[in-house]
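Next up, entry.txt (compact mmCIF, C-alpha atoms (C1' of nucleotides)):
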# COMPACT_ATOMS: atom_id res chain seq x y z
CA MET A 1 -42.31 -17.90 23.77
CA VAL A 2 -40.88 -15.18 21.58
CA ASN A 3 -37.81 -15.80 19.46
CA THR A 4 -37.85 -12.86 17.13
CA PHE A 5 -35.48 -9.95 17.32
CA PRO A 6 -36.81 -7.07 15.23
CA LYS A 7 -35.29 -3.64 15.03
CA GLU A 8 -37.54 -2.21 17.76
CA ASN A 9 -35.56 -4.21 20.31
CA LYS A 10 -32.24 -2.64 19.34
CA LEU A 11 -31.01 0.23 21.46
CA CYS A 12 -30.28 3.22 19.22
CA GLY A 13 -29.39 6.82 19.71
CA GLN A 14 -26.25 8.22 21.23
CA LEU A 15 -28.06 10.11 23.98
CA ARG A 16 -29.89 7.08 25.30
CA ILE A 17 -26.76 4.95 25.18
CA THR A 18 -24.76 7.53 27.07
CA GLN A 19 -27.58 7.77 29.60
CA LEU A 20 -27.61 4.00 30.10
CA TYR A 21 -23.86 3.80 30.70
CA LYS A 22 -24.07 6.73 33.09
CA ASP A 23 -27.02 5.62 35.26
CA GLY A 24 -27.29 1.85 34.72
CA LYS A 25 -26.31 -0.85 37.18
CA ARG A 26 -23.36 -3.02 36.27
CA PHE A 27 -22.10 -6.50 36.91
CA THR A 28 -19.84 -9.01 35.20
CA ALA A 29 -20.70 -12.37 33.71
CA TRP A 30 -17.52 -13.57 32.07
CA PRO A 31 -16.76 -12.94 29.26
CA LEU A 32 -19.37 -10.18 29.30
CA ARG A 33 -19.83 -6.96 31.18
CA VAL A 34 -23.49 -6.11 31.56
CA THR A 35 -25.04 -2.70 32.10
CA TYR A 36 -28.82 -2.50 32.57
CA GLN A 37 -31.60 -0.16 33.60
CA GLU A 38 -35.32 -0.71 34.05
CA THR A 39 -37.63 1.18 31.77
CA GLU A 40 -41.31 1.70 31.01
CA GLU A 41 -40.94 1.18 27.27
CA ASN A 42 -39.94 -1.84 25.25
CA THR A 43 -36.93 -3.90 26.19
CA GLN A 44 -33.95 -2.84 24.11
CA ILE A 45 -30.44 -4.23 24.05
CA LEU A 46 -27.13 -3.47 22.42
CA VAL A 47 -24.11 -5.69 21.93
CA TRP A 48 -20.56 -4.46 21.71
CA ALA A 49 -17.22 -5.97 20.80
CA PRO A 50 -14.52 -3.33 21.15
CA LYS A 51 -12.16 -2.51 18.33
CA SER A 52 -9.26 -2.22 20.72
CA LEU A 53 -9.47 -5.93 21.47
CA PHE A 54 -10.36 -7.20 17.99
CA LYS A 55 -8.72 -5.46 15.11
CA ARG A 56 -10.44 -7.48 12.39
CA ALA A 57 -14.00 -6.56 11.53
CA VAL A 58 -14.81 -10.23 10.89
CA LYS A 59 -14.21 -11.15 14.52
CA ARG A 60 -16.22 -8.24 15.85
CA ASN A 61 -19.13 -9.07 13.59
CA TYR A 62 -18.96 -12.72 14.62
CA LEU A 63 -19.04 -11.92 18.33
CA ARG A 64 -21.90 -9.47 17.91
CA ARG A 65 -23.89 -12.09 16.07
CA LEU A 66 -23.20 -14.69 18.72
CA MET A 67 -24.30 -12.42 21.57
CA ARG A 68 -27.36 -11.25 19.69
CA GLU A 69 -28.29 -14.82 18.84
CA ALA A 70 -27.89 -15.98 22.43
CA TYR A 71 -30.11 -13.16 23.68
CA ARG A 72 -32.69 -13.90 21.01
CA LEU A 73 -32.97 -17.52 22.08
CA HIS A 74 -33.30 -16.74 25.79
CA GLN A 75 -35.07 -13.38 25.93
CA ASP A 76 -38.20 -14.90 27.52
CA MET A 77 -36.22 -15.41 30.74
CA LEU A 78 -36.81 -11.73 31.48
CA GLY A 79 -40.53 -12.33 31.96
CA ASP A 80 -42.55 -9.13 32.36
CA LYS A 81 -39.60 -6.87 33.03
CA HIS A 82 -38.66 -4.15 30.57
CA CYS A 83 -35.03 -3.13 30.61
CA LEU A 84 -32.33 -1.45 28.61
CA ILE A 85 -29.33 -3.77 28.53
CA ALA A 86 -25.84 -3.39 27.13
CA PHE A 87 -23.58 -6.40 26.67
CA ASN A 88 -19.88 -5.56 26.37
CA TYR A 89 -17.50 -8.29 25.31
CA MET A 90 -14.40 -8.23 27.50
CA ASP A 91 -12.26 -11.27 26.74
CA LYS A 92 -9.25 -11.05 24.47
CA ASP A 93 -10.03 -14.34 22.67
CA VAL A 94 -13.00 -15.35 20.60
CA GLN A 95 -15.10 -17.73 22.73
CA PRO A 96 -17.44 -20.34 21.21
CA PHE A 97 -21.22 -19.97 21.19
CA ALA A 98 -21.76 -22.29 24.16
CA VAL A 99 -19.72 -20.08 26.49
CA ILE A 100 -21.47 -16.90 25.41
CA GLU A 101 -24.88 -18.53 25.67
CA LYS A 102 -24.11 -19.57 29.24
CA ALA A 103 -22.98 -16.06 30.12
CA ILE A 104 -26.10 -14.49 28.65
CA CYS A 105 -28.34 -16.87 30.60
CA LYS A 106 -26.52 -16.06 33.80
CA ALA A 107 -26.86 -12.34 33.19
CA LEU A 108 -30.57 -12.51 32.37
CA LYS A 109 -31.20 -14.59 35.48
CA LYS A 110 -29.44 -12.06 37.66
CA ILE A 111 -31.41 -9.18 36.19
CA THR A 112 -34.68 -11.01 36.80
CA GLU A 113 -33.82 -11.73 40.45
CA ASN A 114 -33.03 -8.09 41.14
C1' A B 1 7.46 -40.14 -14.20
C1' G B 2 10.17 -36.56 -11.23
C1' A B 3 12.04 -31.59 -10.41
C1' G B 4 11.55 -26.51 -11.75
C1' U B 5 9.40 -22.07 -13.94
C1' A B 6 5.59 -18.50 -15.84
C1' G B 7 0.42 -17.54 -16.13
C1' G B 8 -5.16 -18.41 -15.74
C1' C B 9 -9.27 -20.16 -12.63
C1' C B 10 -12.05 -22.05 -8.24
C1' G B 11 -11.99 -21.19 -3.20
C1' G B 12 -17.15 -25.35 0.04
C1' U B 13 -22.43 -28.06 -0.81
C1' C B 14 -27.11 -29.89 1.21
C1' U B 15 -31.07 -30.70 5.04
C1' A B 16 -33.80 -29.38 9.59
C1' U B 17 -35.10 -25.73 13.46
C1' C B 18 -34.93 -20.60 14.93
C1' G B 19 -33.70 -15.61 12.92
C1' C B 20 -31.92 -10.50 10.31
C1' G B 21 -31.65 -6.01 6.36
C1' C B 22 -34.03 -4.02 1.94
C1' A B 23 -38.03 -3.74 -2.01
C1' C B 24 -43.16 -4.82 -3.23
C1' G B 25 -47.97 -5.96 -0.81
C1' G B 26 -53.98 -4.21 3.13
C1' G B 27 -52.40 -9.02 4.74
C1' A B 28 -50.68 -14.01 4.09
C1' G B 29 -46.38 -13.77 1.62
C1' U B 30 -42.95 -13.19 -2.61
C1' G B 31 -38.24 -11.49 -4.40
C1' U B 32 -33.35 -10.27 -3.12
C1' G B 33 -28.88 -9.89 0.09
C1' A B 34 -20.38 -9.63 0.56
C1' G B 35 -14.99 -10.64 -1.85
C1' G B 36 -10.84 -12.24 -4.75
C1' A B 37 -8.88 -9.59 -2.16
C1' A B 38 -14.83 -6.24 0.14
C1' A B 39 -8.48 -5.19 3.49
C1' G B 40 -4.18 -1.48 3.26
C1' U B 41 -5.88 3.59 1.59
C1' C B 42 -0.57 3.55 -2.16
C1' C B 43 -1.71 5.77 -7.35
C1' G B 44 -5.29 7.40 -11.40
C1' G B 45 -10.34 9.00 -12.83
C1' G B 46 -15.65 10.15 -12.23
C1' C B 47 -18.33 13.23 -8.77
C1' A B 48 -18.64 17.59 -5.05
C1' G B 49 -17.06 22.38 -2.90
C1' C B 50 -13.82 26.61 -3.21
C1' A B 51 -10.61 29.40 -6.61
C1' C B 52 -9.35 30.91 -11.67
C1' A B 53 -4.57 37.92 -12.57
C1' G B 54 -0.34 36.88 -13.05
C1' A B 55 5.27 36.54 -12.17
C1' G B 56 9.44 34.44 -9.52
C1' C B 57 11.45 30.84 -6.05
C1' A B 58 10.54 26.40 -3.75
C1' C B 59 7.87 21.38 -3.49
C1' C B 60 6.15 16.57 -5.48
C1' A B 61 6.00 12.88 -9.33
C1' C B 62 7.90 10.58 -13.92
C1' A B 63 12.14 8.52 -16.94
C1' G B 64 15.53 3.61 -23.11
C1' C B 65 11.78 2.86 -27.31
C1' G B 66 6.72 1.68 -29.01
C1' G B 67 1.65 0.58 -27.86
C1' U B 68 -2.89 0.40 -24.72
C1' U B 69 -6.45 3.64 -21.78
C1' A B 70 -11.43 8.17 -19.61
C1' A B 71 -6.71 8.58 -16.91
C1' C B 72 -2.34 6.68 -14.55
C1' G B 73 3.33 6.37 -11.50
C1' G B 74 -0.67 0.70 -14.05
C1' C B 75 -0.57 -3.06 -18.01
C1' C B 76 1.47 -5.27 -22.80
C1' G B 77 5.51 -5.75 -26.29
C1' U B 78 10.55 -4.82 -27.17
C1' C B 79 16.20 -2.93 -26.87
C1' A B 80 20.87 -2.61 -24.01
C1' G B 81 23.91 -3.49 -19.45
C1' G B 82 24.63 -5.98 -14.40
C1' C B 83 23.39 -10.22 -11.05
C1' A B 84 21.24 -15.51 -10.01
C1' G B 85 20.28 -20.20 -12.69
C1' C B 86 22.61 -26.11 -16.84
C1' A B 87 18.00 -24.07 -18.89
C1' A B 88 12.94 -22.19 -19.05
C1' U B 89 13.04 -17.79 -16.41
C1' G B 90 13.61 -14.22 -12.51
C1' U B 91 15.56 -9.63 -10.72
C1' U B 92 17.65 -4.79 -11.24
C1' U B 93 19.29 -0.34 -13.95
C1' G B 94 18.09 3.25 -18.20
C1' G B 95 17.59 11.79 -19.93
C1' U B 96 22.37 15.01 -19.55
C1' C B 97 27.49 16.48 -17.52
C1' C B 98 26.97 23.29 -19.07
C1' C B 99 26.80 24.81 -13.53
C1' U B 100 27.38 22.67 -8.13
C1' G B 101 29.33 18.62 -5.45
C1' C B 102 31.60 13.55 -4.70
C1' U B 103 35.29 9.54 -6.37
C1' A B 104 38.15 5.19 -0.46
C1' C B 105 43.40 3.05 -0.56
C1' A B 106 47.68 3.88 -3.38
C1' G B 107 50.09 7.92 -5.84
C1' A B 108 54.13 13.93 -7.07
C1' G B 109 49.23 15.02 -8.56
C1' A B 110 41.88 13.00 -8.14
C1' C B 111 39.37 17.85 -10.50
C1' G B 112 42.77 24.60 -8.90
C1' A B 113 46.21 22.83 -14.98
C1' G B 114 48.76 23.93 -10.71
C1' U B 115 52.31 21.60 -7.36
C1' C B 116 56.47 17.97 -6.79
C1' G B 117 60.76 15.25 -8.79
C1' C B 118 64.33 14.73 -12.82
C1' U B 119 66.81 16.99 -17.25
C1' U B 120 68.18 21.93 -19.14
C1' G B 121 69.40 27.83 -19.56
C1' C B 122 70.82 32.34 -16.73
C1' A B 123 72.36 34.88 -12.14
C1' C B 124 74.41 34.66 -7.15
C1' U B 125 77.05 32.10 -3.08
C1' A B 126 80.56 28.27 -1.36
C1' A B 127 84.47 26.02 -3.71
C1' G B 128 87.40 26.85 -7.63
C1' G B 129 89.47 20.56 -11.02
C1' C B 130 84.91 17.69 -11.05
C1' U B 131 80.76 19.83 -8.19
C1' A B 132 76.94 21.47 -4.41
C1' G B 133 73.05 25.01 -2.72
C1' U B 134 69.55 29.18 -3.57
C1' G B 135 66.48 32.25 -6.88
C1' C B 136 64.23 33.16 -11.68
C1' G B 137 62.62 31.63 -16.67
C1' A B 138 61.40 28.13 -20.47
C1' A B 139 60.70 23.43 -22.55
C1' G B 140 60.29 18.25 -22.12
C1' C B 141 59.42 13.72 -19.39
C1' G B 142 56.38 11.17 -15.43
C1' G B 143 59.64 5.41 -11.98
C1' G B 144 55.94 2.94 -9.71
C1' U B 145 50.20 3.86 -8.26
C1' G B 146 45.06 3.37 -9.36
C1' A B 147 38.63 1.46 -11.49
C1' A B 148 39.92 6.27 -13.62
C1' A B 149 45.69 10.85 -15.00
C1' C B 150 42.65 17.84 -19.45
C1' G B 151 39.62 13.01 -19.83
C1' A B 152 35.95 9.97 -17.13
C1' G B 153 31.97 8.12 -13.92
C1' C B 154 28.09 9.38 -10.51
C1' A B 155 23.83 12.47 -8.02
C1' C B 156 22.44 15.30 -3.71
C1' A B 157 23.65 18.64 -9.62
C1' C B 158 21.42 20.33 -14.34
C1' G B 159 17.80 20.12 -18.18
C1' G B 160 12.81 18.10 -19.92
C1' U B 161 7.53 16.79 -19.06
C1' G B 162 3.27 16.90 -15.75
C1' G B 163 0.79 18.77 -11.17
C1' G B 164 -4.80 24.84 -8.65
C1' C B 165 -6.35 23.15 -3.44
C1' U B 166 -9.46 20.06 -0.45
C1' G B 167 -12.04 15.62 -0.19
C1' C B 168 -18.53 11.75 0.51
C1' A B 169 -16.70 13.19 7.90
C1' A B 170 -17.01 16.55 0.38
C1' U B 171 -21.64 18.98 -0.52
C1' U B 172 -27.14 20.27 -0.43
C1' C B 173 -31.85 20.41 2.12
C1' C B 174 -35.37 19.78 6.37
C1' A B 175 -36.28 19.76 11.67
C1' A B 176 -34.89 21.22 16.66
C1' G B 177 -32.19 24.69 19.67
C1' U B 178 -29.16 29.13 21.26
C1' A B 179 -26.54 34.50 23.64
C1' U B 180 -22.21 37.06 21.97
C1' A B 181 -24.04 38.93 28.09
C1' C B 182 -18.25 39.19 30.01
C1' C B 183 -12.48 39.98 29.75
C1' G B 184 -8.14 40.93 26.45
C1' A B 185 -5.20 41.95 21.53
C1' C B 186 -5.01 44.30 16.61
C1' G B 187 -7.61 47.68 13.29
C1' U B 188 -11.30 51.33 10.13
C1' U B 189 -7.55 54.95 4.10
C1' U B 190 -1.27 55.68 8.69
C1' G B 191 -5.74 49.20 5.98
C1' A B 192 -6.49 44.69 10.85
C1' G B 193 -7.99 40.59 8.39
C1' C B 194 -9.63 37.42 4.25
C1' G B 195 -8.99 35.17 -0.81
C1' U B 196 -5.48 34.06 -4.60
C1' U B 197 -1.09 26.75 -3.89
C1' G B 198 3.84 26.60 0.51
C1' C B 199 6.77 31.50 0.44
C1' U B 200 7.78 36.55 -1.78
C1' C B 201 5.90 40.29 -4.95
C1' G B 202 1.57 41.74 -7.28
C1' C B 203 -3.87 41.80 -7.59
C1' G B 204 -8.88 41.70 -5.52
C1' C B 205 -12.34 42.18 -1.29
C1' G B 206 -12.42 45.03 2.91
C1' A B 207 -14.93 46.94 8.69
C1' G B 208 -14.39 44.12 11.52
C1' U B 209 -10.87 40.05 12.84
C1' U B 210 -8.93 37.14 16.72
C1' G B 211 -7.60 34.68 21.87
C1' G B 212 -9.99 33.31 26.57
C1' A B 213 -14.46 32.08 29.01
C1' G B 214 -19.44 30.67 28.06
C1' G B 215 -24.54 29.12 25.35
C1' G B 216 -27.06 25.66 21.73
C1' U B 217 -27.09 21.20 18.69
C1' A B 218 -24.91 16.48 17.47
C1' G B 219 -31.81 13.95 14.65
C1' G B 220 -33.56 12.96 9.59
C1' A B 221 -33.42 13.08 4.01
C1' A B 222 -30.59 13.49 -0.52
C1' G B 223 -25.50 12.29 -2.05
C1' C B 224 -25.96 6.05 -2.15
C1' G B 225 -30.90 5.47 -8.97
C1' U B 226 -27.26 1.19 -12.64
C1' U B 227 -30.51 -6.29 -9.36
C1' A B 228 -26.72 -5.57 -1.58
C1' G B 229 -27.29 -1.08 0.89
C1' A B 230 -27.47 0.30 6.64
C1' U B 231 -26.53 4.58 10.17
C1' U B 232 -25.49 0.72 17.46
C1' A B 233 -24.67 -0.42 11.12
C1' A B 234 -28.44 -6.68 7.74
C1' U B 235 -26.39 -10.95 4.95
C1' G B 236 -26.59 -15.20 10.77
C1' A B 237 -26.79 -19.26 14.89
C1' U B 238 -27.32 -24.40 16.33
C1' A B 239 -27.48 -29.65 14.95
C1' G B 240 -26.55 -33.34 11.28
C1' A B 241 -24.85 -35.30 6.56
C1' C B 242 -21.64 -34.95 2.34
C1' G B 243 -17.33 -33.19 -0.37
C1' C B 244 -11.85 -32.08 -0.39
C1' C B 245 -6.79 -32.75 1.91
C1' A B 246 -3.31 -35.24 5.33
C1' U B 247 -2.30 -39.53 8.30
C1' G B 248 -3.14 -44.47 8.79
C1' G B 249 -5.69 -49.74 10.99
C1' A B 250 -7.98 -53.72 8.22
C1' A B 251 -9.46 -56.58 3.72
C1' C B 252 -8.57 -57.90 -1.40
C1' G B 253 -5.45 -57.79 -5.90
C1' U B 254 -0.66 -57.28 -8.87
C1' U B 255 4.80 -57.50 -9.35
C1' U B 256 9.67 -59.02 -7.33
C1' A B 257 13.17 -62.08 -4.16
C1' A B 258 13.96 -66.25 -1.35
C1' C B 259 10.51 -70.34 -1.42
C1' G B 260 4.37 -72.97 0.54
C1' U B 261 5.09 -68.59 4.39
C1' U B 262 7.44 -64.13 4.83
C1' U B 263 10.22 -59.43 2.80
C1' A B 264 9.85 -55.01 -0.41
C1' A B 265 7.01 -51.91 -3.80
C1' U B 266 2.21 -50.51 -5.47
C1' G B 267 -3.35 -50.16 -6.61
C1' U B 268 -8.60 -50.38 -4.97
C1' U B 269 -12.35 -50.35 -1.06
C1' U B 270 -13.55 -48.90 3.81
C1' A B 271 -13.34 -47.80 9.72
C1' G B 272 -10.90 -44.08 12.87
C1' U B 273 -8.28 -39.33 13.85
C1' G B 274 -6.95 -34.34 12.46
C1' G B 275 -7.50 -30.08 9.16
C1' U B 276 -11.09 -27.17 5.92
C1' A B 277 -7.83 -20.68 5.04
C1' C B 278 -7.42 -15.21 4.47
C1' A B 279 -11.14 -12.31 5.53
C1' G B 280 -17.05 -8.48 5.95
C1' A B 281 -19.59 -3.76 1.29
C1' A B 282 -20.71 2.02 3.64
C1' C B 283 -20.31 7.05 -3.14
C1' C B 284 -18.64 4.41 -7.62
C1' C B 285 -14.97 2.67 -11.16
C1' G B 286 -9.50 1.25 -13.31
C1' G B 287 -4.90 -0.43 -11.10
C1' C B 288 -1.08 -1.51 -7.30
C1' U B 289 0.39 -3.80 -2.64
C1' U B 290 -0.34 -7.17 1.24
C1' A B 291 -3.04 -11.89 3.55
C1' U B 292 -4.71 -16.78 2.02
C1' A B 293 -6.30 -24.07 4.05
C1' G B 294 -6.80 -26.66 -0.20
C1' G B 295 -7.68 -27.73 -5.35
C1' C B 296 -8.12 -27.51 -11.01
C1' U B 297 -5.75 -26.20 -15.55
C1' U B 298 -2.28 -24.33 -19.74
C1' G B 299 2.62 -23.16 -21.83
C1' C B 300 7.87 -23.80 -21.35
C1' U B 301 12.80 -25.89 -19.33
C1' C B 302 15.96 -29.82 -17.29
C1' U B 303 16.79 -35.08 -15.82
C1' U B 304 15.60 -40.42 -16.24
C1' U B 305 13.10 -44.74 -18.58
C1' C B 306 10.44 -47.11 -22.73
C1' C B 307 8.71 -47.25 -27.98
Translate this structure into structure tokens?
Amino acid sequence: MVNTFPKENKLCGQLRITQLYKDGKRFTAWPLRVTYQETEENTQILVWAPKSLFKRAVKRNYLRRLMREAYRLHQDMLGDKHCLIAFNYMDKDVQPFAVIEKAICKALKKITEN
RNA sequence: AGAGUAGGCCGGUCUAUCGCGCACGGGAGUGUGAGGAAAGUCCGGGCAGCACAGAGCACCACAGCGGUUAACGGCCGUCAGGCAGCAAUGUUUGGUCCCUGCUACAGAGACGAGUCGCUUGCACUAAGGCUAGUGCGAAGCGGGUGAAACGAGCACACGGUGGGCUGCAAUUCCAAGUAUACCGACGUUUGAGCGUUGCUCGCGCGAGUUGGAGGGUAGGAAGCGUUAGAUUAAUGAUAGACGCCAUGGAACGUUUAACGUUUAAUGUUUAGUGGUACAGAACCCGGCUUAUAGGCUUGCUCUUUCC
């Protein structure tokens, strides 16, 4: 069981991000919208809370931390798969950790089944 | 004690489990890691690039007086007037009237020393006793009005002082990659265009400039060292306990009034419940403005009680 989340697991680079949003498969797990794509390399994720929904930087930081933390605790659900995943926060209100954790679990389960 | 007023300060703590950025280290690991506003980006400076040949006209900012400062439009002290308050205090205004413009209503007239009315002189006409009308000239007065009537107030006016422009997405370096093939406009001493602050003049450079359409890239380092420092951007999540505030059940105590139990006020202890804000560094400082649960503290003013 791995619980760490070092920098190698963060998705960086504008080209790769654009590529993921262009070619990845999408589904919704409220309050998240998930875009993912299988890959040969390491699993990398990004989390996103849009500025248009949350004007204050504090709220965006908080949501990013919650999503990142939820992924970190449940990343072993992916098993042997290697994917690029993007989590976009969609709801207008700030949801508590339990709700986001549930959504992340649901999303990871769906990716594994496919 | 209560009410008010002006400042200053703090703005959660601990434990467990799992984590993140940076520095050092071969490794284990060790050290370190958001704020009073980090926010808004409103001023001023450092710093960076470009320019430095000037003149005129615009434009922006400032505003009693003195001090402080690297600098400021900030801050401190103080003077005068208006407004609010019993007071402490708060708030607001502050150069000048030479030129330009404005001053409602009322008033003959409000910025043209010229008109109007009355009195008065002369001429003409009607009448011819008083008088009335018209024209010209001069002098004097101004009933009442109004905030103000040759003397004021005000700013959009004038004068004074200051301001070269752009901003860390500045700027420098490294790496990777490409194409000026095509169409049009203007131009090469009859000077396009560029720079010089926005415009005009002037000055300098000057053989290419520009619109369309297309091609490539969008990575990294320095800037950012001063005890945070990234570039999908760290400083956290979960659980529990405590602290603080509000509310209030219960128990105990004190005082008061009726009187062996209640009423009213108040203090201490402790369950429970609710709340615990505003907000997140991206070059750095000095200010301003705005947001903020709750708490601590100092000065002053007023009211009431006791000594």
Mind running chain A against chain B at 10 Å and telling me each contacting residue's nearest atom pair with the distance in Å (one decimal), counting all atoms listed in the file, chain and number ascending, as CSV?
residue,atom,partner,partner_atom,distance
A:Asn3,CA,B:C18,C1',7.2
A:Thr4,CA,B:G19,C1',6.5
A:Phe5,CA,B:G19,C1',7.4
A:Pro6,CA,B:C20,C1',7.7
A:Lys7,CA,B:C20,C1',9.0
A:Lys10,CA,B:U232,C1',7.8
A:Leu11,CA,B:U232,C1',6.8
A:Cys12,CA,B:U232,C1',5.7
A:Gly13,CA,B:U232,C1',7.6
A:Gln14,CA,B:U232,C1',8.4
A:Leu15,CA,B:A218,C1',9.6
A:Ile17,CA,B:U232,C1',8.9
A:Ile45,CA,B:U232,C1',9.6
A:Leu46,CA,B:U232,C1',6.7
A:Val47,CA,B:U232,C1',7.9
A:Trp48,CA,B:U232,C1',8.3
A:Arg56,CA,B:A279,C1',8.4
A:Ala57,CA,B:G280,C1',6.6
A:Val58,CA,B:G280,C1',5.7
A:Lys59,CA,B:G280,C1',9.4
A:Arg60,CA,B:G280,C1',9.9
A:Asn61,CA,B:G280,C1',7.9
A:Tyr62,CA,B:G236,C1',8.9
A:Arg65,CA,B:G236,C1',6.7
A:Leu66,CA,B:A237,C1',7.0
A:Met67,CA,B:A237,C1',9.9
A:Arg68,CA,B:A237,C1',9.4
A:Glu69,CA,B:A237,C1',6.1
A:Ala70,CA,B:A237,C1',8.3
A:Arg72,CA,B:G19,C1',8.3
A:Leu73,CA,B:C18,C1',8.0
A:Phe97,CA,B:A237,C1',8.4
A:Ala98,CA,B:U238,C1',9.8
Go ahead and compute the interatomic distance for atom C1' of C285 of chain B and atom C1' of G162 of chain B, in Å to one decimal.
->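 Distance reported for this atom pair: 23.6 Å.
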Figure out the distance between atom C1' of A3 of chain B and atom C1' of A88 of chain B, please, to one decimal in Å.
->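 For atom C1' of A88 of chain B relative to atom C1' of A3 of chain B, the distance reads 12.8 Å.
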Residues near segment 77-86 of chain B, cut-off 9 Å, only C-alpha atoms (C1' of nucleotides), skip fewer than 2 positions along chain, as a PyMOL selection string | chain B and resi 64-67+89-94+302
Could you give me, as number ranges by chain, the residues within 10 Å of segment 120-123 of chain B, counting all atoms listed in the file and dropping anything in the same chain fewer than 4 positions from it?
-> B: 135-140
So which residues touch C105 of chain B within 12 Å, counting all atoms listed in the file, skipping near sequence neighbours fewer than 2 positions away, as number ranges by chain?
-> B: 103, 107, 145-146
Leaving out segment 48-53 of chain B and any residue of its chain fewer than 5 positions from it, which residues lie within 7 Å of it when counting all atoms listed in the file, given as a PyMOL selection string?
-> chain B and resi 170-171+203
Tell me, in Å to one decimal, how far atom C1' of G11 of chain B is from atom C1' of U292 of chain B.
->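 These two atoms are separated by 10.0 Å.
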Segment 24-39 of chain A surroundings by all atoms listed in the file, 8 Å radius, close-in-sequence under 6 positions cut, as a list in words |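 Contacts, in chain order: Lys81, His82, Cys83, Leu84, Ile85, Ala86, Phe87, Asn88, Tyr89, Met90, Asp91, Ile100, Ala103, Ile104, Lys106 and Ala107 of chain A.
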Using 8 Å of padding on each side, determine the axis-aligned box around all atoms of segment 214-226 of chain B present in the file and give its centre and edge lengths in Å to one decimal, as AutoDock Vina command-line options.
--center_x -26.5 --center_y 15.9 --center_z 7.7 --size_x 30.1 --size_y 45.5 --size_z 56.7
B:A147, B:A246, B:C59, B:C47: which is nearest G163 of chain B, counting all atoms listed in the file?
->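 Ranking B:A147, B:A246, B:C59, B:C47 by distance to G163 of chain B, first place goes to B:C59.
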All heavy atoms are what I want for segment 7-11 of chain A; can you complete it accordingly and write them as a PDB file, keeping the file's coordinate frame?
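Now in rebuild25.pdb:
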ATOM      1  N   LYS A   7     -36.104  -4.827  14.799  1.00  0.00           N
ATOM      2  CA  LYS A   7     -35.290  -3.640  15.030  1.00  0.00           C
ATOM      3  C   LYS A   7     -35.766  -2.833  16.238  1.00  0.00           C
ATOM      4  O   LYS A   7     -34.984  -2.081  16.820  1.00  0.00           O
ATOM      5  CB  LYS A   7     -35.335  -2.770  13.778  1.00  0.00           C
ATOM      6  CG  LYS A   7     -34.201  -1.793  13.693  1.00  0.00           C
ATOM      7  CD  LYS A   7     -34.141  -1.142  12.341  1.00  0.00           C
ATOM      8  CE  LYS A   7     -33.055  -0.109  12.319  1.00  0.00           C
ATOM      9  NZ  LYS A   7     -32.973   0.556  11.033  1.00  0.00           N
ATOM     10  N   GLU A   8     -37.051  -2.990  16.617  1.00  0.00           N
ATOM     11  CA  GLU A   8     -37.540  -2.210  17.760  1.00  0.00           C
ATOM     12  C   GLU A   8     -36.834  -2.590  19.047  1.00  0.00           C
ATOM     13  O   GLU A   8     -36.819  -1.824  20.012  1.00  0.00           O
ATOM     14  CB  GLU A   8     -39.054  -2.413  17.960  1.00  0.00           C
ATOM     15  CG  GLU A   8     -39.918  -1.902  16.832  1.00  0.00           C
ATOM     16  CD  GLU A   8     -39.972  -2.849  15.651  1.00  0.00           C
ATOM     17  OE1 GLU A   8     -40.388  -4.017  15.839  1.00  0.00           O
ATOM     18  OE2 GLU A   8     -39.586  -2.445  14.536  1.00  0.00           O
ATOM     19  N   ASN A   9     -36.233  -3.766  19.090  1.00  0.00           N
ATOM     20  CA  ASN A   9     -35.560  -4.210  20.310  1.00  0.00           C
ATOM     21  C   ASN A   9     -34.086  -3.835  20.335  1.00  0.00           C
ATOM     22  O   ASN A   9     -33.347  -4.261  21.217  1.00  0.00           O
ATOM     23  CB  ASN A   9     -35.681  -5.725  20.450  1.00  0.00           C
ATOM     24  CG  ASN A   9     -37.098  -6.124  20.807  1.00  0.00           C
ATOM     25  OD1 ASN A   9     -38.008  -5.296  20.722  1.00  0.00           O
ATOM     26  ND2 ASN A   9     -37.302  -7.357  21.186  1.00  0.00           N
ATOM     27  N   LYS A  10     -33.633  -3.091  19.310  1.00  0.00           N
ATOM     28  CA  LYS A  10     -32.240  -2.640  19.340  1.00  0.00           C
ATOM     29  C   LYS A  10     -32.187  -1.256  19.969  1.00  0.00           C
ATOM     30  O   LYS A  10     -33.019  -0.390  19.682  1.00  0.00           O
ATOM     31  CB  LYS A  10     -31.677  -2.566  17.928  1.00  0.00           C
ATOM     32  CG  LYS A  10     -31.484  -3.919  17.310  1.00  0.00           C
ATOM     33  CD  LYS A  10     -30.923  -3.766  15.912  1.00  0.00           C
ATOM     34  CE  LYS A  10     -31.019  -5.098  15.185  1.00  0.00           C
ATOM     35  NZ  LYS A  10     -30.750  -4.938  13.744  1.00  0.00           N
ATOM     36  N   LEU A  11     -31.195  -1.063  20.794  1.00  0.00           N
ATOM     37  CA  LEU A  11     -31.010   0.230  21.460  1.00  0.00           C
ATOM     38  C   LEU A  11     -30.249   1.151  20.526  1.00  0.00           C
ATOM     39  O   LEU A  11     -29.128   0.863  20.128  1.00  0.00           O
ATOM     40  CB  LEU A  11     -30.260   0.028  22.775  1.00  0.00           C
ATOM     41  CG  LEU A  11     -29.978   1.287  23.577  1.00  0.00           C
ATOM     42  CD1 LEU A  11     -31.245   2.049  23.864  1.00  0.00           C
ATOM     43  CD2 LEU A  11     -29.290   0.921  24.872  1.00  0.00           C
TER      44      LEU A  11
END
